[in-house]
Amino acid sequence: MVTVNANPEERATPIDWETISEAHERIRDRIHRTTVLTSTTFNAMSGAELFFKCENFQKTGSFKIRGASNAILSLSQEEAARGVVTQSSGNHAAAVACAAAWRKIPAWIVMPKNAPEVKRRAVEWYGGKITCCEPTVSSRAETAARLQAETGAVMVHPYDDDRIIAGQATTAKELLEEVPDLDAILTPVSGGGLLSGTCLGAKGKRAGIRVFGCEPERADDAYRSLRTGVLQEIESSDTIADGLRASLAPRTFAILQTHVAGVLLVSEEEIVATMRLVAERMKIVIEPSSAVALAPLLRAGGVDGMGLGKRADGGAVKIGVIFSGGNVALGG
C-alpha cells in the first residue's frame with residue numbers, strides 16, 4: 001500500500017540548505033562518510049538501479065549520530081554543563097550518549113523496558129544513564145520530562161528538533177554528492193527526523209527528486225497522517241522494526257506534508273525476508289528498520305506503484321535506499 005502526497009506545495013522551511021551545510025561542517029570530523037553500495041541482484045529484482053547509503057556502518061551503528069552530534073555540538077558551554085536528556089528505543093539513545101561523551105557531559109537516557117538488549121548495552125558502553133519506562137509513547141515522553149525537571153538537563157528530542165533534522169539531512173546530502181542523478185530516495189519513517197531531513201537534504205541538491213517514506217503496517221501513523229491530512233498517533237506497536245515505533249511530531253509532519261512524495265507500507269513478513277536477503281546477497285547486517293526501506297522495491301510492481309516507471313531515455317530509474325542502521329542482536 002502507498003499513500004501519495006499528490007501535489008505538495010513548495011513553501012519555506014526553517015531548515016534551509018545553509019543550515020544543512022553548516023551542520024555537515026560541524027559534524028563531518030566526528031562521523032563516518034558512509035559507503036554507497038550497489039547490488040546487481042537487487043537491481044534485477046526491483047527493475048531499478050539501486051544505490052544503498054549504508055548508515056549501518058555509521059558510528060554507533062546508525063544515522064542517529066548525525067543529528068545527535070549536531071544538536072549536542074551546537075550547545076553553548078552553559079547549556080552543555082547542564083547535561084542532556086532524551087528518550088529513545090535505542091539508536092538515538094546510543095548516539096546521544098556517544099555525543100555527550102565527546103563533550104564530556106552527562107546524558108540521561110529514557111528507554112522502554114522492552115528495548116533490545118544490544119541497544120541498551122551500547123548506551124551503557126558510551127556512559128549513558130538509563131531510566132526504563134513502559135513501552136508507550138506517552139510513558140517515554142512523561143519520564144523524559146520528569147528527568148529533565150529533576151536534573152535541569154537540556155532535552156535532545158529524537159526528531160522534534162531542527163538541529164536533529166538538519167543533522168539527519170546530511171545523509172541525503174552525501175548520497176547525492178556521490179550519485180547526483182538519482183530519481184528517488186526511499187528511507188524508513190518513525191518520528192520523521194530522517195525522512196524530513198532526507199526531503200530537505202535531497203531537494204537541496206536536486207529539486208525534482210522524489211522522496212518516499214517506508215513504514216511497517218503495524219506502525220502506520222505517517223501513512224494515515226498524510227492520507228487524512230491530520231496528525232495521527234500510535235501509542236505502542238509490536239512491529240519487529242523496533243526503531244520505527246514512534247509517531248510523527250507536528251514539526252516533522254509539516255515538513256512531510258510539503259515535501260514527501262508518499263509513504264509505503266510493508267508487512268512483518270516482508271521485513272524479515274528482506275533482512276535475510278540482504279545478509280545473503282550483500283553480506284552485510286542491517287536491522288529491521290533498514291529493511292523497511294528496501295522491501296517495497298522487491299514486491300511485484302513496486303517501482304511502477306510509486307509512479308516512477310522508466311527514465312525519459314528508457315533506462316531504469318535510479319533509486320537511493322537509506323539503510324538506517326545495523327544494530328541487531330545476532331543468534332549464537
# chains A, B, ... in the order shown; residues from 1 in each chain; ligands from 1
call {"tool": "closest_atom_pairs", "arguments": {"of": "range 124-240 of chain A", "to": "range 48-61 of chain A", "cutoff": "9 Å", "atoms": "only C-alpha atoms", "output": "Markdown table"}}
result
| residue | atom | partner | partner_atom | distance |
| --- | --- | --- | --- | --- |
| A:Thr171 | CA | A:Lys53 | CA | 7.9 |
| A:Ala172 | CA | A:Lys53 | CA | 8.4 |
| A:Glu174 | CA | A:Lys53 | CA | 8.8 |
| A:Leu175 | CA | A:Lys53 | CA | 6.5 |
| A:Val179 | CA | A:Phe51 | CA | 8.1 |
| A:Leu182 | CA | A:Phe51 | CA | 8.8 |
call {"tool": "residues_around", "arguments": {"residues": "range 220-229 of chain A", "least_positions_apart": "3", "cutoff": "9 Å", "atoms": "only C-alpha atoms", "output": "list in words"}}
result
Val2, Thr3, Val4, Asn5, Val189, Ser190, Gly191, Gly192, Gly213, Cys214, Glu215, Pro216, Glu217, Gln232, Glu233, Ile234, Ala246, Ser247, Leu248, Phe253, Leu256, Gln257, Gly262, Val263, Leu264 and Leu265 of chain A
call {"tool": "atom_distance", "arguments": {"atom1": "CA of His157 in chain A", "atom2": "CA of Gln87 in chain A"}}
result
7.1 Å
call {"tool": "residues_around", "arguments": {"residues": "Glu124 in chain A", "least_positions_apart": "3", "cutoff": "10 Å", "atoms": "only C-alpha atoms", "output": "list in words"}}
result
Ala93, Ala94, Ala97, Cys98, Ile109, Lys119, Arg120, Arg121, Gly127, Gly128, Lys129 and Ile130 of chain A
call {"tool": "write_last_selection", "arguments": {"atoms": "C-alpha atoms", "output": "CSV table (one decimal), in the first residue's frame"}}
result
chain,number,residue,atom,x,y,z
A,93,ALA,CA,19.9,6.9,22.8
A,94,ALA,CA,23.3,5.5,21.9
A,97,ALA,CA,25.3,9.1,24.9
A,98,CYS,CA,28.2,9.0,22.5
A,109,ILE,CA,18.5,8.3,28.7
A,119,LYS,CA,20.9,-1.3,22.2
A,120,ARG,CA,20.8,-1.0,26.0
A,121,ARG,CA,24.4,-2.3,26.1
A,127,GLY,CA,28.3,6.2,29.5
A,128,GLY,CA,24.5,7.0,29.3
A,129,LYS,CA,22.5,6.8,32.5
A,130,ILE,CA,19.4,4.6,31.6
call {"tool": "atom_distance", "arguments": {"atom1": "CA of Val260 in chain A", "atom2": "CA of Asp161 in chain A"}}
result
18.4 Å
call {"tool": "closest_residue", "arguments": {"among": "A:Val84, A:Ala145, A:Ala101, A:Leu200", "to": "Glu18 in chain A", "atoms": "only C-alpha atoms"}}
result
A:Leu200
call {"tool": "closest_residue", "arguments": {"among": "A:Val266, A:Met275, A:Leu176, A:Val292", "to": "Val36 in chain A", "atoms": "only C-alpha atoms"}}
result
A:Leu176
call {"tool": "closest_residue", "arguments": {"among": "A:Ala44, A:Leu186, A:Ile165, A:Ala312", "to": "Pro14 in chain A", "atoms": "only C-alpha atoms"}}
result
A:Ile165
call {"tool": "closest_atom_pairs", "arguments": {"of": "range 131-230 of chain A", "to": "range 322-329 of chain A", "cutoff": "8 Å", "atoms": "only C-alpha atoms", "output": "JSON lines"}}
result
{"residue": "A:Ile185", "atom": "CA", "partner": "A:Ile322", "partner_atom": "CA", "distance": 7.5}
{"residue": "A:Leu186", "atom": "CA", "partner": "A:Ile322", "partner_atom": "CA", "distance": 6.4}
{"residue": "A:Thr187", "atom": "CA", "partner": "A:Ile322", "partner_atom": "CA", "distance": 5.2}
{"residue": "A:Pro188", "atom": "CA", "partner": "A:Ser324", "partner_atom": "CA", "distance": 7.3}
call {"tool": "select_by_dssp", "arguments": {"residues": "range 157-187 of chain A", "states": "strand (DSSP E)", "output": "list in words"}}
result
Ala184, Ile185, Leu186 and Thr187 of chain A
call {"tool": "residues_around", "arguments": {"residues": "Glu22 in chain A", "least_positions_apart": "4", "cutoff": "10 Å", "atoms": "only C-alpha atoms", "output": "MDAnalysis selection string"}}
result
chainID A and resid 17:18 26:28 70 166:167 170
call {"tool": "residues_around", "arguments": {"residues": "Ala95 in chain A", "least_positions_apart": "6", "cutoff": "9 Å", "atoms": "only C-alpha atoms", "output": "PyMOL selection string"}}
result
chain A and resi 59-69+123+126
call {"tool": "residues_around", "arguments": {"residues": "Arg103 in chain A", "least_positions_apart": "2", "cutoff": "8 Å", "atoms": "only C-alpha atoms", "output": "ChimeraX atom specification"}}
result
/A:72-73,80,99-101,105
call {"tool": "select_by_dssp", "arguments": {"residues": "range 10-254 of chain A", "states": "alpha helix (DSSP H)", "output": "PyMOL selection string"}}
result
chain A and resi 17-27+40-46+64-73+77-81+91-103+117-125+137-151+162-178+193-205+221-228+250-254
call {"tool": "residues_around", "arguments": {"residues": "Asp238 in chain A", "least_positions_apart": "5", "cutoff": "12 Å", "atoms": "only C-alpha atoms", "output": "list of chain:residue names"}}
result
A:Asn114, A:Ala115, A:Pro135, A:Thr136, A:Pro216, A:Glu217, A:Arg218, A:Ala219, A:Asp220, A:Gly243, A:Leu244, A:Arg245, A:Ala246, A:Glu268
call {"tool": "closest_residue", "arguments": {"among": "A:Ile164, A:Val272, A:Met155, A:Met282", "to": "Glu79 in chain A", "atoms": "only C-alpha atoms"}}
result
A:Met155
call {"tool": "decode", "arguments": {"residues": "range 150-178 of chain A", "atoms": "N, CA and C atoms", "output": "short mmCIF file (atom, residue, chain, number, x, y, z; two decimals), in the first residue's frame"}}
result
data_model
loop_
_atom_site.label_atom_id
_atom_site.label_comp_id
_atom_site.auth_asym_id
_atom_site.auth_seq_id
_atom_site.Cartn_x
_atom_site.Cartn_y
_atom_site.Cartn_z
N GLU A 150 14.06 17.13 37.01
CA GLU A 150 14.89 16.77 38.16
C GLU A 150 16.34 17.18 37.98
N THR A 151 16.85 17.08 36.77
CA THR A 151 18.28 17.30 36.53
C THR A 151 18.62 18.68 35.99
N GLY A 152 17.64 19.34 35.35
CA GLY A 152 17.92 20.61 34.69
C GLY A 152 18.64 20.45 33.36
N ALA A 153 18.70 19.20 32.85
CA ALA A 153 19.41 18.92 31.60
C ALA A 153 18.65 19.47 30.39
N VAL A 154 19.37 19.62 29.30
CA VAL A 154 18.79 20.08 28.03
C VAL A 154 18.16 18.89 27.32
N MET A 155 16.92 19.05 26.87
CA MET A 155 16.25 17.98 26.13
C MET A 155 16.80 17.92 24.71
N VAL A 156 17.20 16.71 24.28
CA VAL A 156 17.61 16.47 22.90
C VAL A 156 16.61 15.47 22.33
N HIS A 157 15.53 16.00 21.76
CA HIS A 157 14.45 15.14 21.29
C HIS A 157 14.91 14.31 20.10
N PRO A 158 14.42 13.08 19.96
CA PRO A 158 14.89 12.22 18.86
C PRO A 158 14.62 12.76 17.46
N TYR A 159 13.56 13.58 17.30
CA TYR A 159 13.23 14.06 15.96
C TYR A 159 12.56 15.43 15.94
N ASP A 160 11.93 15.85 17.02
CA ASP A 160 11.20 17.11 17.04
C ASP A 160 12.15 18.26 17.41
N ASP A 161 13.16 18.47 16.56
CA ASP A 161 14.23 19.43 16.83
C ASP A 161 14.90 19.76 15.51
N ASP A 162 14.97 21.05 15.16
CA ASP A 162 15.56 21.45 13.88
C ASP A 162 17.02 21.02 13.77
N ARG A 163 17.76 21.04 14.89
CA ARG A 163 19.17 20.64 14.85
C ARG A 163 19.32 19.16 14.53
N ILE A 164 18.40 18.35 15.05
CA ILE A 164 18.40 16.92 14.75
C ILE A 164 18.09 16.70 13.27
N ILE A 165 17.05 17.35 12.78
CA ILE A 165 16.64 17.17 11.38
C ILE A 165 17.75 17.62 10.43
N ALA A 166 18.40 18.75 10.73
CA ALA A 166 19.49 19.23 9.88
C ALA A 166 20.64 18.24 9.86
N GLY A 167 20.94 17.63 11.00
CA GLY A 167 21.99 16.62 11.04
C GLY A 167 21.63 15.41 10.21
N GLN A 168 20.39 14.95 10.33
CA GLN A 168 19.97 13.78 9.55
C GLN A 168 19.98 14.08 8.04
N ALA A 169 19.76 15.34 7.69
CA ALA A 169 19.75 15.73 6.28
C ALA A 169 21.09 15.51 5.60
N THR A 170 22.15 15.45 6.38
CA THR A 170 23.48 15.25 5.78
C THR A 170 23.61 13.87 5.16
N THR A 171 22.76 12.92 5.55
CA THR A 171 22.79 11.59 4.93
C THR A 171 22.47 11.70 3.45
N ALA A 172 21.37 12.35 3.12
CA ALA A 172 20.98 12.51 1.72
C ALA A 172 21.94 13.42 0.98
N LYS A 173 22.45 14.43 1.66
CA LYS A 173 23.43 15.33 1.03
C LYS A 173 24.62 14.54 0.54
N GLU A 174 25.17 13.67 1.39
CA GLU A 174 26.31 12.85 0.99
C GLU A 174 25.95 11.90 -0.15
N LEU A 175 24.76 11.29 -0.07
CA LEU A 175 24.35 10.34 -1.10
C LEU A 175 24.29 11.01 -2.47
N LEU A 176 23.71 12.21 -2.52
CA LEU A 176 23.58 12.89 -3.81
C LEU A 176 24.89 13.52 -4.27
N GLU A 177 25.81 13.76 -3.36
CA GLU A 177 27.14 14.19 -3.79
C GLU A 177 27.84 13.05 -4.52
N GLU A 178 27.52 11.81 -4.16
CA GLU A 178 28.13 10.65 -4.80
C GLU A 178 27.36 10.18 -6.02
#
